Amino acid sequence: MKKIIGIILFSFVLITNVQAFDKDVVRKSIVGLALKIGDKQGVCHGVVIKKTENYSTILTAKHCTKDVDEFYVEEFPAYLIKKSDDSDLAYLFVPGNLKTKEPCEFADNSGKFNQQVYYLGEVFGIVQDLKGRVIYTIGKTVTTLHVIRGNSGGGIWTEDNKLVGVIVTGSFAPLIEEAIISQAENLFAISNFLNYEVDL
């Protein structure tokens with residue numbers, strides 16, 4: 001009996017280690033967006049969707065593009081290609097080689113109830129390294145991630161480092177145990193946008 005329990009525990013450790021969230025993998029797929037709006041500056045985030053030696057494409061939140069005069073990803077200017085008609089998503093083109101970045105991998109679904117999810121980003125020097133849970137995925141994916149202004153457009157990631165959604169807002173919800181929640185466009189919305197509106 002002890003042998004069987006030992007084998008089960010060892011197997012559980014192996015499975016857990018294989019699925020451990022790897023920040024370095026995710027950082028390769030996330031970018032910060034510097035925004036110029038008239039004489040003001042702002043920030044948002046984005047996720048690398050495609051990359052070649054000559055260009056990259058970025059998925060972000062549509063509201064991050066409102067009234068923006070110029071976009072920058074790292075040292076490169078970025079250009080708005082498409083805003084979604086149906087969801088809070090936008091697609092940017094970045095000419096130049098984002099050498100340290102790689103396209104993200106997509107999850108199989110938009111997250112199940114109570115699934116662990118993660119967010120990484122930085123807003124004006126404030127590093128965000130967040131862990132939360134999925135509350136529900138009807139319409140948008142809603143999580144207990146405590147995002148702040150500037151996190152919009154960033155990815156929500158599963159434990160196996162796959163994109164499960166794109167942050168679009170954070171809000172206060174006093175009727176739930178975790179009062180700060182975030183909403184994300186889920187994989188259904190992302191897939192519709194990329195496949196039908198952007199026509200990838």
# chains A, B, ... in the order shown; residues from 1 in each chain; ligands from 1
$ residues_around --residues "Ser171 (chain A)" --least-positions-apart "2" --cutoff "8 Å" --atoms "only C-alpha atoms" --output "compact mmCIF listing (two decimals) with N, CA and C atoms, in the first residue's frame"
# COMPACT_ATOMS: atom_id res chain seq x y z
N THR A 169 -10.71 44.92 -19.10
CA THR A 169 -11.09 45.84 -18.03
C THR A 169 -10.92 45.18 -16.67
N ALA A 173 -16.25 44.42 -7.65
CA ALA A 173 -17.49 43.63 -7.57
C ALA A 173 -17.69 43.19 -6.12
N ILE A 180 -12.02 42.52 -6.39
CA ILE A 180 -11.49 43.07 -7.64
C ILE A 180 -11.49 41.98 -8.69
N ILE A 181 -12.10 42.25 -9.82
CA ILE A 181 -12.14 41.25 -10.89
C ILE A 181 -11.64 41.86 -12.19
N SER A 182 -11.33 41.02 -13.14
CA SER A 182 -10.96 41.49 -14.47
C SER A 182 -11.81 40.77 -15.50
$ residues_around --residues "Lys112 (chain A)" --least-positions-apart "2" --cutoff "12 Å" --atoms "only C-alpha atoms" --output "list in words"
Ala107, Asp108, Asn109, Ser110, Asn114, Gln115, Gln116, Val117, Arg133, Val134, Ile135, Tyr136, Thr137, Ile138, Thr141, Val142, Thr143, Thr158, Val164 and Asn186 of chain A
$ residues_around --residues "Glu70 (chain A)" --least-positions-apart "5" --cutoff "12 Å" --atoms "only C-alpha atoms" --output "PyMOL selection string"
chain A and resi 33-43+64-65+76-80+92
$ residues_around --residues "Val166 (chain A)" --least-positions-apart "6" --cutoff "10 Å" --atoms "only C-alpha atoms" --output "list in words"
His45, Gly46, Val47, Leu59, Thr60, Ala61, Asp88, Leu89, Tyr119, Lys140, Thr141, Asn151, Ser152, Gly153, Gly154, Gly155, Ile156, Trp157, Gln183, Ala184, Glu185, Asn186, Leu187, Ala189 and Ile190 of chain A
$ select_by_dssp --residues "region 35-145 of chain A" --states "strand (DSSP E or B)" --output "PyMOL selection string"
chain A and resi 35-37+40-51+55-60+70-73+76-83+90-95+106+116-123+126-136+141-143
$ closest_residue --among "A:Lys23, A:His63, A:Arg149, A:Lys51" --to "Lys83 (chain A)" --atoms "only C-alpha atoms"
A:His63
$ atom_distance --atom1 "CA of Val198 (chain A)" --atom2 "CA of Phe21 (chain A)"
29.9 Å
$ residues_around --residues "Asp22 (chain A)" --least-positions-apart "6" --cutoff "9 Å" --atoms "only C-alpha atoms" --output "PDB file with C-alpha atoms, in the first residue's frame"
ATOM      1  CA  GLU A 159      -0.587  27.071 -16.118  1.00  0.00           C
ATOM      2  CA  ASP A 160       0.920  25.527 -19.266  1.00  0.00           C
ATOM      3  CA  ASN A 161       1.794  28.985 -20.666  1.00  0.00           C
TER       4      ASN A 161
END
